[in-house]
$ cat my_file-v6.tsv   # TSV, C-alpha atoms
chain	number	residue	atom	x	y	z
A	1	MET	CA	0.00	0.00	0.00
A	2	PRO	CA	1.53	3.35	-1.03
A	3	ARG	CA	2.39	5.73	1.75
A	4	ARG	CA	0.08	8.70	1.99
A	5	GLN	CA	1.62	12.07	1.12
A	6	ARG	CA	1.99	14.32	4.14
A	7	THR	CA	0.18	17.65	3.93
A	8	ALA	CA	2.11	20.91	3.74
A	9	ALA	CA	1.02	21.66	7.33
A	10	GLN	CA	2.35	18.29	8.52
A	11	GLN	CA	5.63	18.80	6.69
A	12	HIS	CA	5.92	22.26	8.29
A	13	ARG	CA	5.27	20.95	11.81
A	14	ASP	CA	7.75	18.09	11.35
A	15	ALA	CA	10.46	20.41	10.03
A	16	VAL	CA	9.97	22.91	12.85
A	17	ALA	CA	10.09	20.11	15.43
A	18	ALA	CA	13.36	18.80	13.95
A	19	TYR	CA	14.95	22.27	13.95
A	20	VAL	CA	13.81	22.98	17.50
A	21	ALA	CA	15.09	19.58	18.65
A	22	ALA	CA	18.46	20.52	17.13
A	23	GLY	CA	18.55	23.74	19.17
A	24	GLY	CA	16.68	26.25	17.02
A	25	GLU	CA	14.39	28.80	18.64
A	26	GLU	CA	10.78	27.74	17.96
A	27	SER	CA	9.27	31.08	16.91
A	28	VAL	CA	12.17	31.73	14.52
A	29	GLN	CA	11.93	28.25	13.03
A	30	ARG	CA	8.15	28.53	12.60
A	31	VAL	CA	8.52	31.75	10.61
A	32	ILE	CA	11.54	30.81	8.51
A	33	THR	CA	10.25	27.31	7.76
A	34	ALA	CA	6.87	28.76	6.75
A	35	LEU	CA	8.52	31.31	4.44
A	36	TYR	CA	10.62	28.55	2.88
A	37	GLY	CA	7.58	26.30	2.40
A	38	VAL	CA	5.52	29.02	0.72
A	39	THR	CA	8.46	30.03	-1.47
A	40	LYS	CA	9.13	26.43	-2.49
A	41	LYS	CA	5.49	25.85	-3.49
A	42	LEU	CA	5.29	29.12	-5.41
A	43	ASP	CA	8.61	28.39	-7.16
A	44	GLN	CA	7.19	25.05	-8.35
A	45	TRP	CA	4.15	26.82	-9.77
A	46	TYR	CA	6.26	29.59	-11.34
A	47	ALA	CA	8.46	26.97	-13.05
A	48	ARG	CA	5.37	25.37	-14.62
A	49	GLN	CA	4.06	28.79	-15.63
A	50	LEU	CA	7.36	29.71	-17.30
A	51	ALA	CA	7.36	26.40	-19.17
A	52	ASP	CA	3.82	27.13	-20.38
A	53	LEU	CA	5.02	30.55	-21.58
A	54	ASP	CA	8.07	28.93	-23.23
A	55	LEU	CA	10.45	30.98	-21.07
A	56	THR	CA	13.49	29.91	-19.11
A	57	GLN	CA	14.13	31.23	-15.59
A	58	GLY	CA	16.94	33.35	-17.06
A	59	GLU	CA	14.73	34.83	-19.75
A	60	TRP	CA	12.09	35.65	-17.15
A	61	ALA	CA	14.76	37.39	-15.07
A	62	VAL	CA	15.55	39.63	-18.06
A	63	VAL	CA	11.87	40.36	-18.80
A	64	ALA	CA	11.18	41.18	-15.14
A	65	SER	CA	14.32	43.36	-14.83
A	66	LEU	CA	13.39	45.35	-17.91
A	67	ALA	CA	9.78	45.70	-16.75
A	68	ARG	CA	10.90	46.95	-13.33
A	69	ALA	CA	13.12	49.51	-15.07
A	70	GLY	CA	10.01	50.90	-16.78
A	71	GLU	CA	10.84	53.27	-19.61
A	72	ALA	CA	14.55	53.24	-18.76
A	73	CYS	CA	16.61	50.96	-20.97
A	74	GLN	CA	19.29	48.67	-19.57
A	75	THR	CA	22.63	47.70	-21.03
A	76	PRO	CA	23.49	44.02	-21.46
A	77	SER	CA	26.12	44.44	-18.71
A	78	GLN	CA	23.53	45.86	-16.32
A	79	LEU	CA	21.17	42.98	-17.11
A	80	ALA	CA	23.97	40.46	-16.60
A	81	GLU	CA	24.70	41.95	-13.18
A	82	LEU	CA	21.01	42.15	-12.21
A	83	THR	CA	20.43	38.52	-13.18
A	84	SER	CA	23.77	37.15	-11.92
A	85	VAL	CA	25.09	35.75	-15.20
A	86	ALA	CA	28.25	36.27	-17.22
A	87	PRO	CA	28.03	39.01	-19.87
A	88	SER	CA	28.68	36.44	-22.62
A	89	SER	CA	25.71	34.39	-21.41
A	90	MET	CA	23.57	37.51	-21.43
A	91	THR	CA	24.50	38.25	-25.04
A	92	HIS	CA	23.37	34.77	-26.08
A	93	ARG	CA	20.16	35.10	-24.02
A	94	LEU	CA	19.37	38.48	-25.56
A	95	ASP	CA	20.00	37.09	-29.06
A	96	LYS	CA	17.37	34.40	-28.48
A	97	MET	CA	14.91	36.83	-26.91
A	98	ALA	CA	15.33	39.35	-29.75
A	99	GLN	CA	14.65	36.57	-32.29
A	100	ARG	CA	11.41	35.83	-30.43
A	101	GLY	CA	10.46	39.51	-30.51
A	102	LEU	CA	10.54	40.01	-26.72
A	103	VAL	CA	13.36	42.56	-26.54
A	104	GLU	CA	14.96	45.06	-28.83
A	105	ARG	CA	18.52	46.33	-28.84
A	106	ARG	CA	19.65	49.66	-30.19
A	107	PRO	CA	22.78	51.79	-30.00
A	108	ASP	CA	22.92	54.34	-27.19
A	109	ALA	CA	22.60	57.79	-28.82
A	110	ASP	CA	24.88	59.29	-26.15
A	111	ASN	CA	27.54	56.57	-26.31
A	112	ARG	CA	27.64	54.65	-29.57
A	113	THR	CA	29.81	51.93	-28.03
A	114	ARG	CA	26.94	50.91	-25.75
A	115	THR	CA	23.82	48.96	-26.60
A	116	LEU	CA	20.52	49.61	-24.86
A	117	VAL	CA	17.92	46.89	-24.32
A	118	SER	CA	14.20	47.33	-23.78
A	119	LEU	CA	11.07	45.23	-23.89
A	120	THR	CA	9.05	45.18	-27.09
A	121	GLN	CA	5.27	45.38	-27.02
A	122	ASP	CA	5.23	41.55	-27.13
A	123	GLY	CA	7.64	41.48	-24.18
A	124	TRP	CA	5.39	43.82	-22.18
A	125	GLU	CA	2.34	41.72	-23.04
A	126	LEU	CA	4.11	38.55	-21.93
A	127	PHE	CA	5.12	40.23	-18.67
A	128	SER	CA	1.55	41.44	-18.04
A	129	GLN	CA	0.05	38.05	-18.86
A	130	SER	CA	2.45	36.34	-16.49
A	131	ILE	CA	1.73	38.76	-13.65
A	132	ARG	CA	-2.04	38.38	-14.08
A	133	GLU	CA	-1.75	34.58	-14.04
A	134	SER	CA	0.57	34.66	-11.03
A	135	ASP	CA	-1.77	36.98	-9.15
A	136	VAL	CA	-4.53	34.37	-9.35
A	137	VAL	CA	-2.34	31.71	-7.71
A	138	GLU	CA	-0.78	34.12	-5.22
A	139	SER	CA	-4.24	35.32	-4.18
A	140	ASP	CA	-5.30	31.71	-3.76
A	141	VAL	CA	-2.30	31.08	-1.50
A	142	LEU	CA	-3.46	33.94	0.74
A	143	ARG	CA	-7.18	33.12	0.59
A	144	GLY	CA	-7.29	32.16	4.27
A	145	LEU	CA	-6.36	35.70	5.32
A	146	ASP	CA	-8.70	38.67	5.27
A	147	ALA	CA	-7.53	42.05	3.95
A	148	GLY	CA	-6.42	43.26	7.38
A	149	GLU	CA	-4.41	40.11	8.02
A	150	ARG	CA	-2.78	40.40	4.58
A	151	ASP	CA	-1.84	44.01	5.33
A	152	GLU	CA	-0.38	42.99	8.71
A	153	LEU	CA	1.57	40.11	7.20
A	154	ALA	CA	2.90	42.40	4.47
A	155	ARG	CA	3.88	45.02	7.05
A	156	LEU	CA	5.73	42.48	9.18
A	157	LEU	CA	7.57	40.95	6.22
A	158	GLU	CA	8.50	44.42	4.97
A	159	GLU	CA	10.07	45.10	8.40
A	160	VAL	CA	12.10	41.90	8.06
A	161	ILE	CA	13.17	42.88	4.53
A	162	ALA	CA	14.24	46.33	5.71
A	163	GLU	CA	16.68	44.69	8.14
A	164	LEU	CA	18.20	42.20	5.67
A	165	ASP	CA	21.08	44.47	4.69
A	166	ASP	CA	22.19	44.58	8.33
A	167	VAL	CA	22.49	40.77	8.59
A	168	ASP	CA	25.99	39.43	8.02
A	169	PRO	CA	25.90	36.47	5.62
$ encode --input "my_file-v6.tsv" --output "structure tokens"
Amino acid sequence: MPRRQRTAAQQHRDAVAAYVAAGGEESVQRVITALYGVTKKLDQWYARQLADLDLTQGEWAVVASLARAGEACQTPSQLAELTSVAPSSMTHRLDKMAQRGLVERRPDADNRTRTLVSLTQDGWELFSQSIRESDVVESDVLRGLDAGERDELARLLEEVIAELDDVDP
């Protein structure tokens, strides 16, 4: 008889218990383990979504970086740094994305030795489609919280994020 899959809540409780038994502080382990569990589940969904959109993780990183930049163009070197890849890998990635009509490259009018990259209309549409689809799943993940609880959770996580730069790795 196949073993029954443990629920996410059971997996969370078991992980927290193991970390606490090893000397971790319970409230810290509950929070960090919960964040990890949510992130892991969302990452699995995002990977399927990217496959459905025929995008790699790296291509999505470029699309998202360019979208966050808004009207400002990025250089291939900036994109390589933002997405943590070698500049030569970025050139190859941008070649493929330009062939698909997602990005366009043009010479910088102020410095003709530089190339500027921006999203095309198709790139923007792909970004918007992805965000709308993600929002459905992300909202479903938070369905057990009312608006006030979501605001409180967001506020608390934003406080944690604000302190991340002060934590020594």
$ atom_distance --input "my_file-v6.tsv" --atom1 "atom CA of A:Ala109" --atom2 "atom CA of A:Glu59"
25.9 Å
$ residues_around --input "my_file-v6.tsv" --residues "A:Met90" --least-positions-apart "3" --cutoff "8 Å" --atoms "only C-alpha atoms" --output "list in words"
Pro76, Ser77, Leu79, Ala80, Val85, Ala86, Pro87, Arg93 and Leu94 of chain A
$ atom_distance --input "my_file-v6.tsv" --atom1 "atom CA of A:Tyr46" --atom2 "atom CA of A:Thr33"
19.6 Å
$ closest_residue --input "my_file-v6.tsv" --among "A:Val117, A:Leu82, A:Ala67, A:Gln74" --to "A:Asp95" --atoms "all atoms listed in the file"
A:Val117
$ atom_distance --input "my_file-v6.tsv" --atom1 "atom CA of A:Arg150" --atom2 "atom CA of A:Ala34"
15.3 Å
$ closest_residue --input "my_file-v6.tsv" --among "A:Ile161, A:Val63, A:Val136, A:Ala9" --to "A:Leu50" --atoms "only C-alpha atoms"
A:Val63
$ axis_aligned_box --input "my_file-v6.tsv" --around "stretch 71-88 of chain A" --padding-each-side "6 Å" --output "lines of an AutoDock Vina configuration file"
center_x = 19.8
center_y = 44.5
center_z = -17.3
size_x = 29.8
size_y = 29.5
size_z = 22.7
$ closest_residue --input "my_file-v6.tsv" --among "A:Leu142, A:Leu42, A:Ile32, A:Leu53" --to "A:Ala15" --atoms "all atoms listed in the file"
A:Ile32
$ closest_residue --input "my_file-v6.tsv" --among "A:Leu164, A:Leu35, A:Val103, A:Ala154" --to "A:Ser65" --atoms "all atoms listed in the file"
A:Val103
$ residues_around --input "my_file-v6.tsv" --residues "A:Gly123" --least-positions-apart "2" --cutoff "8 Å" --atoms "only C-alpha atoms" --output "ChimeraX atom specification"
/A:63,101-103,119-121,125-127
$ closest_residue --input "my_file-v6.tsv" --among "A:Gln129, A:Val141, A:Gly24, A:Asp122" --to "A:Gln99" --atoms "only C-alpha atoms"
A:Asp122
$ residues_near_point --input "my_file-v6.tsv" --point "(21.6, 52.3, -28.2)" --cutoff "10 Å" --atoms "all atoms listed in the file" --output "number ranges by chain"
A: 73-75, 104-118
$ closest_residue --input "my_file-v6.tsv" --among "A:Ser128, A:Ser139, A:Gln78, A:Ser134" --to "A:Val62" --atoms "only C-alpha atoms"
A:Gln78
